[in-house]
$ cat protein30.cif   # mmCIF, C-alpha atoms
data_upload
loop_
_atom_site.label_atom_id
_atom_site.label_comp_id
_atom_site.auth_asym_id
_atom_site.auth_seq_id
_atom_site.Cartn_x
_atom_site.Cartn_y
_atom_site.Cartn_z
CA MET A 1 -14.93 -1.72 -24.18
CA LYS A 2 -13.51 1.77 -23.67
CA ILE A 3 -14.07 1.69 -19.90
CA TYR A 4 -12.00 -1.54 -19.58
CA TRP A 5 -9.13 0.07 -21.47
CA GLU A 6 -9.44 3.14 -19.21
CA LEU A 7 -9.43 0.96 -16.09
CA PHE A 8 -6.37 -0.93 -17.30
CA CYS A 9 -4.44 2.21 -18.28
CA THR A 10 -5.29 4.14 -15.12
CA PHE A 11 -4.20 1.30 -12.83
CA PHE A 12 -1.14 0.65 -15.00
CA ARG A 13 -0.10 4.29 -14.42
CA ILE A 14 -0.76 3.92 -10.69
CA GLY A 15 1.29 0.71 -10.51
CA ALA A 16 4.16 2.33 -12.40
CA ILE A 17 4.55 5.28 -10.01
CA THR A 18 3.77 3.68 -6.64
CA PHE A 19 7.00 3.29 -4.68
CA GLY A 20 6.87 1.41 -1.39
CA GLY A 21 3.62 -0.49 -1.15
CA GLY A 22 -0.07 0.09 -0.51
CA TYR A 23 0.12 3.17 1.70
CA ALA A 24 2.29 5.02 -0.79
CA MET A 25 -0.35 4.28 -3.41
CA LEU A 26 -3.04 6.16 -1.49
CA PRO A 27 -2.14 9.72 -2.57
CA ILE A 28 -1.80 8.58 -6.18
CA LEU A 29 -5.20 6.86 -6.02
CA GLN A 30 -6.73 10.04 -4.65
CA ARG A 31 -5.35 12.01 -7.57
CA GLU A 32 -6.11 9.53 -10.37
CA VAL A 33 -9.28 7.76 -9.23
CA VAL A 34 -11.06 10.19 -6.86
CA ASP A 35 -10.17 13.62 -8.36
CA GLY A 36 -9.36 12.52 -11.91
CA LYS A 37 -11.90 9.86 -12.91
CA GLY A 38 -14.48 10.25 -10.13
CA TRP A 39 -14.71 6.45 -9.82
CA CYS A 40 -15.06 6.59 -6.03
CA THR A 41 -15.03 9.07 -3.12
CA ASP A 42 -12.38 9.64 -0.43
CA GLY A 43 -14.73 7.96 2.04
CA GLU A 44 -15.08 4.83 -0.11
CA LEU A 45 -11.30 4.72 -0.52
CA THR A 46 -10.94 4.60 3.29
CA ASP A 47 -13.45 1.72 3.39
CA TYR A 48 -11.47 -0.19 0.76
CA PHE A 49 -8.23 0.28 2.69
CA ALA A 50 -9.91 -0.91 5.89
CA ILE A 51 -11.18 -4.05 4.18
CA GLY A 52 -7.88 -4.52 2.33
CA GLN A 53 -6.01 -4.57 5.64
CA CYS A 54 -8.28 -7.25 7.09
CA THR A 55 -8.48 -9.57 4.12
CA PRO A 56 -5.80 -11.78 2.62
CA GLY A 57 -3.62 -10.45 -0.15
CA ILE A 58 -1.83 -7.26 -0.98
CA ILE A 59 -3.66 -4.05 -0.02
CA ALA A 60 -2.92 -2.30 -3.32
CA VAL A 61 -4.34 -5.26 -5.25
CA ASN A 62 -7.44 -5.44 -3.06
CA THR A 63 -8.15 -1.73 -3.60
CA ALA A 64 -7.76 -2.04 -7.39
CA THR A 65 -10.16 -5.01 -7.46
CA PHE A 66 -12.73 -3.02 -5.45
CA ILE A 67 -12.65 0.04 -7.69
CA GLY A 68 -12.70 -2.04 -10.89
CA PHE A 69 -15.67 -4.05 -9.58
CA LYS A 70 -17.54 -0.87 -8.73
CA GLN A 71 -17.16 0.36 -12.32
CA LYS A 72 -17.72 -2.80 -14.32
CA GLY A 73 -18.46 -5.81 -12.12
CA VAL A 74 -16.26 -8.92 -12.05
CA PRO A 75 -14.44 -8.31 -15.38
CA GLY A 76 -13.77 -4.70 -14.29
CA GLY A 77 -12.20 -5.93 -11.04
CA ILE A 78 -9.94 -8.34 -12.91
CA VAL A 79 -8.89 -5.80 -15.56
CA ALA A 80 -8.03 -3.13 -12.94
CA THR A 81 -6.01 -5.63 -10.91
CA TYR A 82 -3.94 -6.84 -13.85
CA GLY A 83 -3.43 -3.23 -14.96
CA LEU A 84 -1.97 -2.46 -11.52
CA VAL A 85 0.47 -5.40 -11.50
CA ALA A 86 1.54 -5.22 -15.17
CA PRO A 87 4.29 -2.58 -14.61
CA SER A 88 5.81 -4.68 -11.81
CA PHE A 89 5.94 -7.60 -14.17
CA LEU A 90 7.76 -5.60 -16.87
CA ILE A 91 10.15 -3.69 -14.57
CA ILE A 92 11.08 -6.56 -12.25
CA GLY A 93 11.42 -8.94 -15.18
CA LEU A 94 13.86 -6.53 -16.80
CA ILE A 95 15.86 -6.04 -13.60
CA ALA A 96 15.97 -9.74 -12.77
CA ALA A 97 17.19 -10.48 -16.30
CA LEU A 98 19.75 -7.69 -16.71
CA LEU A 99 20.64 -6.02 -13.42
CA GLN A 100 20.88 -8.62 -10.70
CA ASN A 101 22.68 -6.17 -8.40
CA PHE A 102 20.32 -3.26 -9.17
CA ALA A 103 19.69 -2.45 -5.51
CA ASP A 104 23.45 -2.21 -4.78
CA TYR A 105 24.09 0.78 -7.05
CA ALA A 106 24.84 3.91 -5.00
CA VAL A 107 22.67 6.09 -7.24
CA VAL A 108 19.69 3.76 -6.75
CA GLN A 109 20.11 3.75 -2.96
CA ASN A 110 20.48 7.54 -2.82
CA ALA A 111 17.54 8.20 -5.13
CA PHE A 112 15.39 5.82 -3.17
CA ALA A 113 16.23 7.49 0.15
CA GLY A 114 15.00 10.72 -1.46
CA ILE A 115 11.86 9.01 -2.79
CA ARG A 116 11.05 7.81 0.73
CA VAL A 117 11.07 11.45 1.92
CA ALA A 118 8.68 12.39 -0.90
CA VAL A 119 6.43 9.43 -0.05
CA THR A 120 6.35 10.55 3.60
CA VAL A 121 4.98 13.95 2.53
CA LEU A 122 2.52 12.33 0.11
CA ILE A 123 1.12 10.07 2.84
CA LEU A 124 0.84 13.04 5.21
CA ASN A 125 -1.19 14.95 2.60
CA ALA A 126 -3.34 11.86 1.96
CA VAL A 127 -4.12 11.45 5.67
CA ILE A 128 -5.12 15.12 5.99
CA LYS A 129 -7.52 14.63 3.08
CA LEU A 130 -8.96 11.39 4.46
CA LEU A 131 -9.55 13.03 7.85
CA LYS A 132 -12.06 15.37 6.21
CA SER A 133 -14.21 12.47 5.01
CA SER A 134 -13.80 10.08 7.95
CA VAL A 135 -13.75 12.33 11.02
CA VAL A 136 -17.25 13.84 11.05
CA ASP A 137 -17.91 14.33 14.79
CA LYS A 138 -16.31 14.06 18.24
CA LEU A 139 -16.67 10.29 18.44
CA THR A 140 -14.99 9.63 15.09
CA ALA A 141 -12.20 12.04 16.09
CA CYS A 142 -11.63 9.95 19.24
CA VAL A 143 -11.63 6.71 17.22
CA PHE A 144 -9.04 8.14 14.81
CA ALA A 145 -6.75 9.34 17.63
CA ALA A 146 -7.11 6.14 19.67
CA VAL A 147 -6.38 3.84 16.72
CA ALA A 148 -3.45 5.94 15.43
CA VAL A 149 -1.79 5.92 18.87
CA ALA A 150 -2.58 2.27 19.65
CA ALA A 151 -1.46 1.01 16.22
CA TRP A 152 1.79 2.96 16.59
CA PHE A 153 2.68 1.72 20.09
CA LEU A 154 1.15 -1.75 20.18
CA ASP A 155 2.03 -4.59 17.86
CA LEU A 156 -1.58 -5.63 17.22
CA SER A 157 -3.25 -6.84 14.05
CA PRO A 158 -5.15 -4.16 12.07
CA VAL A 159 -8.02 -6.67 11.92
CA LEU A 160 -8.66 -6.13 15.63
CA PHE A 161 -8.93 -2.34 15.28
CA VAL A 162 -11.27 -2.57 12.29
CA LEU A 163 -13.55 -5.10 14.01
CA LEU A 164 -13.72 -3.07 17.24
CA ALA A 165 -14.38 0.20 15.39
CA GLY A 166 -17.06 -1.49 13.27
CA ALA A 167 -18.80 -2.86 16.39
CA LEU A 168 -18.61 0.58 18.03
CA GLY A 169 -20.08 2.18 14.91
CA ILE A 170 -23.02 -0.25 14.88
CA ALA A 171 -23.60 0.18 18.62
CA VAL A 172 -23.67 3.97 18.36
CA LYS A 173 -25.62 4.33 15.11
CA VAL A 174 -28.11 1.45 15.36
CA GLY A 175 -28.26 1.33 19.17
CA GLY A 176 -28.55 5.13 19.37
CA GLU A 177 -31.57 5.13 17.08
CA ALA A 178 -33.24 2.36 19.06
CA LEU A 179 -32.78 4.38 22.27
CA LYS A 180 -34.41 7.46 20.75
CA LYS A 181 -37.55 5.42 19.93
CA MET B 182 5.93 -28.57 -13.36
CA ILE B 183 7.81 -26.00 -11.34
CA CYS B 184 5.35 -23.45 -12.76
CA LEU B 185 2.34 -25.21 -11.27
CA GLN B 186 4.23 -25.42 -8.00
CA LEU B 187 5.05 -21.69 -8.15
CA PHE B 188 1.40 -20.91 -8.79
CA TRP B 189 0.31 -23.05 -5.84
CA GLU B 190 2.96 -21.68 -3.43
CA PHE B 191 2.10 -18.06 -4.25
CA PHE B 192 -1.62 -18.82 -4.21
CA LYS B 193 -1.18 -19.96 -0.59
CA THR B 194 0.89 -16.85 0.21
CA GLY B 195 -1.79 -14.61 -1.31
CA LEU B 196 -4.47 -16.42 0.65
CA PHE B 197 -2.82 -16.33 4.07
CA ALA B 198 -0.71 -13.16 4.11
CA VAL B 199 -3.05 -10.61 5.70
CA GLY B 200 -1.98 -6.97 5.82
CA GLY B 201 0.01 -6.11 2.77
CA GLY B 202 3.25 -6.83 0.98
CA LEU B 203 5.63 -7.17 3.93
CA ALA B 204 3.33 -9.81 5.43
CA THR B 205 4.45 -12.08 2.58
CA LEU B 206 8.07 -12.15 3.89
CA PRO B 207 7.74 -15.03 6.38
CA PHE B 208 6.00 -17.08 3.69
CA LEU B 209 8.88 -16.46 1.28
CA TYR B 210 11.53 -17.54 3.81
CA ASP B 211 9.56 -20.71 4.44
CA MET B 212 9.05 -21.32 0.71
CA GLY B 213 12.77 -20.95 -0.03
CA ALA B 214 13.69 -23.33 2.78
CA ARG B 215 11.21 -25.99 1.66
CA THR B 216 11.68 -25.86 -2.12
CA GLY B 217 15.31 -24.79 -2.46
CA TRP B 218 14.31 -22.27 -5.17
CA PHE B 219 16.21 -19.47 -3.43
CA THR B 220 18.18 -18.77 -0.24
CA ALA B 221 17.31 -16.47 2.66
CA HIS B 222 20.05 -14.15 1.40
CA GLN B 223 18.33 -13.92 -1.99
CA VAL B 224 15.06 -13.02 -0.24
CA ALA B 225 16.84 -10.03 1.31
CA ASP B 226 18.10 -9.00 -2.15
CA MET B 227 14.63 -9.39 -3.62
CA LEU B 228 13.18 -7.24 -0.87
CA ALA B 229 15.75 -4.51 -1.61
CA VAL B 230 14.87 -4.57 -5.32
CA SER B 231 11.11 -4.72 -4.59
CA GLU B 232 11.34 -1.69 -2.35
CA SER B 233 13.41 0.35 -4.80
CA THR B 234 11.21 -0.22 -7.83
CA PRO B 235 7.65 0.96 -8.47
CA GLY B 236 4.73 -1.36 -7.79
CA PRO B 237 3.29 -3.11 -4.74
CA ILE B 238 6.08 -4.84 -2.78
CA GLY B 239 4.28 -8.21 -2.55
CA ILE B 240 3.75 -8.27 -6.31
CA ASN B 241 7.37 -7.35 -7.03
CA MET B 242 8.54 -10.13 -4.70
CA ALA B 243 6.35 -12.68 -6.50
CA VAL B 244 7.55 -11.63 -9.96
CA TYR B 245 11.20 -11.62 -8.87
CA THR B 246 10.97 -14.99 -7.15
CA GLY B 247 9.15 -16.54 -10.09
CA TYR B 248 11.72 -15.20 -12.51
CA THR B 249 14.69 -16.37 -10.43
CA SER B 250 13.18 -19.84 -10.09
CA ALA B 251 11.81 -20.48 -13.58
CA GLY B 252 12.23 -17.54 -15.97
CA VAL B 253 9.46 -15.48 -17.58
CA LEU B 254 6.86 -18.26 -17.40
CA GLY B 255 7.70 -18.73 -13.72
CA SER B 256 7.11 -15.05 -12.99
CA VAL B 257 3.72 -15.19 -14.75
CA CYS B 258 2.70 -18.22 -12.65
CA ALA B 259 3.84 -16.63 -9.39
CA LEU B 260 2.08 -13.36 -10.26
CA VAL B 261 -1.23 -15.00 -11.18
CA GLY B 262 -0.91 -17.19 -8.07
CA ILE B 263 -0.51 -14.32 -5.63
CA VAL B 264 -3.30 -12.09 -7.03
CA THR B 265 -5.96 -14.79 -7.56
CA PRO B 266 -6.98 -15.24 -3.88
CA SER B 267 -7.22 -11.44 -3.44
CA ILE B 268 -9.39 -11.10 -6.52
CA ILE B 269 -11.77 -13.86 -5.42
CA VAL B 270 -12.09 -12.67 -1.79
CA ILE B 271 -12.53 -9.00 -2.71
CA LEU B 272 -15.03 -9.70 -5.48
CA LEU B 273 -17.16 -11.65 -2.98
CA ILE B 274 -16.94 -8.86 -0.38
CA ALA B 275 -17.60 -6.14 -2.98
CA ALA B 276 -20.67 -8.00 -4.27
CA ALA B 277 -21.96 -8.45 -0.71
CA LEU B 278 -21.37 -4.75 0.06
CA ARG B 279 -23.25 -3.74 -3.08
CA ALA B 280 -26.22 -5.87 -1.99
CA PHE B 281 -26.23 -4.45 1.57
CA ARG B 282 -25.28 -0.87 0.76
CA ASP B 283 -28.37 0.63 2.41
CA ASN B 284 -28.33 -1.66 5.41
CA LYS B 285 -28.18 0.36 8.64
CA TYR B 286 -25.78 -2.13 10.29
CA VAL B 287 -23.33 -1.89 7.38
CA ASN B 288 -23.56 1.90 7.40
CA GLY B 289 -23.10 1.97 11.17
CA ALA B 290 -20.04 -0.28 10.93
CA PHE B 291 -18.40 1.93 8.31
CA TYR B 292 -19.14 5.06 10.34
CA GLY B 293 -16.80 3.56 12.97
CA ILE B 294 -14.38 1.88 10.55
CA ARG B 295 -13.52 4.96 8.45
CA PRO B 296 -11.74 6.91 11.22
CA ALA B 297 -10.09 3.67 12.40
CA SER B 298 -8.80 3.02 8.89
CA THR B 299 -7.47 6.59 8.67
CA GLY B 300 -5.79 6.03 12.06
CA LEU B 301 -4.09 2.87 10.80
CA ILE B 302 -2.88 4.71 7.71
CA ALA B 303 -1.55 7.55 9.91
CA ALA B 304 0.38 5.06 12.06
CA ALA B 305 1.84 3.43 8.94
CA GLY B 306 2.77 6.88 7.64
CA LEU B 307 4.54 7.60 10.93
CA THR B 308 6.62 4.45 10.46
CA VAL B 309 7.58 5.65 6.98
CA ALA B 310 8.40 9.11 8.42
CA VAL B 311 10.67 7.66 11.11
CA GLY B 312 12.49 5.61 8.47
CA SER B 313 12.99 8.54 6.11
CA LEU B 314 13.45 11.56 8.42
CA LEU B 315 15.39 10.16 11.39
CA ASN B 316 18.69 8.29 11.81
CA THR B 317 17.54 6.00 14.57
CA SER B 318 20.98 4.31 14.59
CA ALA B 319 22.63 7.63 15.56
CA TRP B 320 20.71 7.77 18.86
CA THR B 321 23.13 8.08 21.80
CA GLY B 322 20.83 9.40 24.52
CA TRP B 323 18.74 12.41 25.49
CA ASP B 324 21.78 14.68 26.05
CA LYS B 325 22.38 14.69 22.28
CA PHE B 326 18.88 13.92 21.03
CA TRP B 327 19.27 16.22 17.99
CA THR B 328 21.78 13.84 16.36
CA VAL B 329 18.84 11.58 15.58
CA PHE B 330 17.31 14.10 13.16
CA ASN B 331 18.26 13.71 9.53
CA TRP B 332 18.28 17.45 8.74
CA LYS B 333 18.91 16.97 5.02
CA ALA B 334 15.82 14.76 4.76
CA ILE B 335 13.69 17.06 6.93
CA ALA B 336 14.64 20.05 4.76
CA LEU B 337 13.71 18.11 1.61
CA ALA B 338 10.39 17.07 3.20
CA ALA B 339 9.64 20.73 3.98
CA VAL B 340 10.44 21.75 0.39
CA ILE B 341 8.28 18.97 -1.09
CA PHE B 342 5.43 19.81 1.30
CA ALA B 343 5.62 23.48 0.31
CA VAL B 344 5.62 22.57 -3.40
CA SER B 345 2.61 20.27 -2.91
CA LYS B 346 0.70 23.09 -1.19
CA ALA B 347 1.75 25.80 -3.67
CA PHE B 348 0.85 23.72 -6.75
CA LYS B 349 -2.18 21.74 -5.69
CA LYS B 350 -2.79 20.52 -9.24
CA LEU B 351 0.69 19.02 -9.55
CA HIS B 352 0.63 15.25 -10.04
CA PRO B 353 2.25 13.30 -7.15
CA VAL B 354 4.71 11.70 -9.57
CA PHE B 355 6.53 15.05 -9.86
CA LEU B 356 6.99 15.17 -6.09
CA ILE B 357 8.43 11.65 -6.24
CA LEU B 358 10.77 12.81 -9.03
CA ILE B 359 11.94 15.80 -6.93
CA GLY B 360 12.65 13.32 -4.11
CA ALA B 361 14.58 10.96 -6.38
CA LEU B 362 16.68 13.75 -7.93
CA ALA B 363 17.48 15.43 -4.61
CA GLY B 364 18.30 12.03 -3.10
CA ALA B 365 20.69 11.16 -5.92
CA VAL B 366 22.37 14.60 -6.07
CA PHE B 367 22.77 15.10 -2.30
CA ARG B 368 23.56 11.42 -1.59
CA PHE B 369 20.70 10.82 0.82
CA ALA B 370 21.63 7.24 1.59
CA GLY B 371 25.21 8.36 2.34
CA VAL B 372 26.80 6.11 -0.30
#

$ encode --input "protein30.cif" --output "structure tokens"
Amino acid sequence: MKIYWELFCTFFRIGAITFGGGYAMLPILQREVVDGKGWCTDGELTDYFAIGQCTPGIIAVNTATFIGFKQKGVPGGIVATYGLVAPSFLIIGLIAALLQNFADYAVVQNAFAGIRVAVTVLILNAVIKLLKSSVVDKLTACVFAAVAVAAWFLDLSPVLFVLLAGALGIAVKVGGEALKK
Amino acid sequence: MICLQLFWEFFKTGLFAVGGGLATLPFLYDMGARTGWFTAHQVADMLAVSESTPGPIGINMAVYTGYTSAGVLGSVCALVGIVTPSIIVILLIAAALRAFRDNKYVNGAFYGIRPASTGLIAAAGLTVAVGSLLNTSAWTGWDKFWTVFNWKAIALAAVIFAVSKAFKKLHPVFLILIGALAGAVFRFAGV
């Protein structure tokens, strides 16, 4: 029972301090789930984000379901997911009920512009950390650079990049072994 | 009745919106137009609130829309509706991955996918950086290219980066707090 409570509370905390969507959640996940609880590795986190970007639904939710499932199967996945969304429910409910023009307050707009700067730095730090677990040789370095540049300049679906990179990975790893034999 | 409808509408959004919270926007515009629950202008307001409060944007949008349309019960229905497809799809994929964890094809695929995923995250981070560190609207041409830099924001980013490197054990929430305080005190949005 304790692990379910821990899953709920950890993802509740993550949901309460994630500003600006799935990518902003990444550094907080690294701190809470990878370094803090040891529930998954940086490499697994990258896998979850890749799958989350190619499957329906919100990336943050998909990642929570994955990590919860890894700990405690189907109920774990459900508990982690509802832990993640519970703060949204409380905060947005409160704002919708009491402060309809919340986003128009000058102090909110100014604070949020500052938060975006902080989130930029957090994502930069997260990417540096992920590079250590995902870029392991020259080929993976090329894949990283090619996808980062292509995704920035071309308006293509992330699904395409993930499928191509997956096919390349299979060709190199499985095909490479077959050639050696 | 409207609650069942909310559940169904957000279930469809959760099932078809691939790629995160902002991908739900076109579905919301369509939903408002078809059901009359809210106007396109209200969607813009909801987006502003969703982006300036903690939590995944898609989830915040669902809760806000549900609440605006049918109160607390409506927000519960919309919330459960939008997360249910994700939960089902991911549980299936996670179970399949667990079964094929040692498969050489799966391992090969992830060897290629990991750097690609990091690349996608880097590109998304760059979009966030452009939005927070540059004033793209101030661009007048190459002869005065420096006007595009938001020096106040760049200085804050440098300070926060230095703090994050100097105190590696510091929880990210404190960096977010520094950002919020500096933003409010130095009027980062210019209002």

$ resolve_selection --input "protein30.cif" --expression "the PyMOL selection byres ((chain A and resi 147-155) around 8)" --output "MDAnalysis selection string"
(chainID A and resid 143:146 156:158 161) or (chainID B and resid 297 299:305 307:308)

$ residues_around --input "protein30.cif" --residues "Phe197 in chain B" --least-positions-apart "2" --cutoff "8 Å" --atoms "all atoms listed in the file" --output "VMD selection string"
(chain A and resid 56 to 57) or (chain B and resid 193 to 195 199)

$ residues_around --input "protein30.cif" --residues "Trp189 in chain B" --least-positions-apart "5" --cutoff "10 Å" --atoms "only C-alpha atoms" --output "ChimeraX atom specification"
/B:183-184,194-195,258-259,261-263

$ axis_aligned_box --input "protein30.cif" --around "range 87-101 of chain A" --padding-each-side "3 Å" --output "JSON"
{"center_x": 13.5, "center_y": -6.5, "center_z": -12.6, "size_x": 24.4, "size_y": 13.9, "size_z": 14.5}

$ atom_distance --input "protein30.cif" --atom1 "CA of Lys346 in chain B" --atom2 "CA of Trp39 in chain A"
24.3 Å

$ resolve_selection --input "protein30.cif" --expression "the PyMOL selection byres ((chain A and resi 43) around 10)" --output "PyMOL selection string"
(chain A and resi 34+40-42+44-48+129-134) or (chain B and resi 291-292+295-296+299)

$ closest_residue --input "protein30.cif" --among "A:Lys138, A:Lys37, A:Lys70, A:Lys181" --to "chain B" --atoms "all atoms listed in the file"
A:Lys70

$ closest_residue --input "protein30.cif" --among "A:Leu98, A:Val79, A:Ala86, A:Ile115" --to "chain B" --atoms "all atoms listed in the file"
A:Ile115

$ resolve_selection --input "protein30.cif" --expression "the PyMOL selection byres ((chain B and resi 311) around 12)" --output "ChimeraX atom specification"
/A:116-117,120,152 /B:304-310,312-318,329-331,334-335

$ closest_residue --input "protein30.cif" --among "B:Trp327, B:Ala290, B:Phe367, B:Ser345" --to "chain A" --atoms "all atoms listed in the file"
B:Ala290
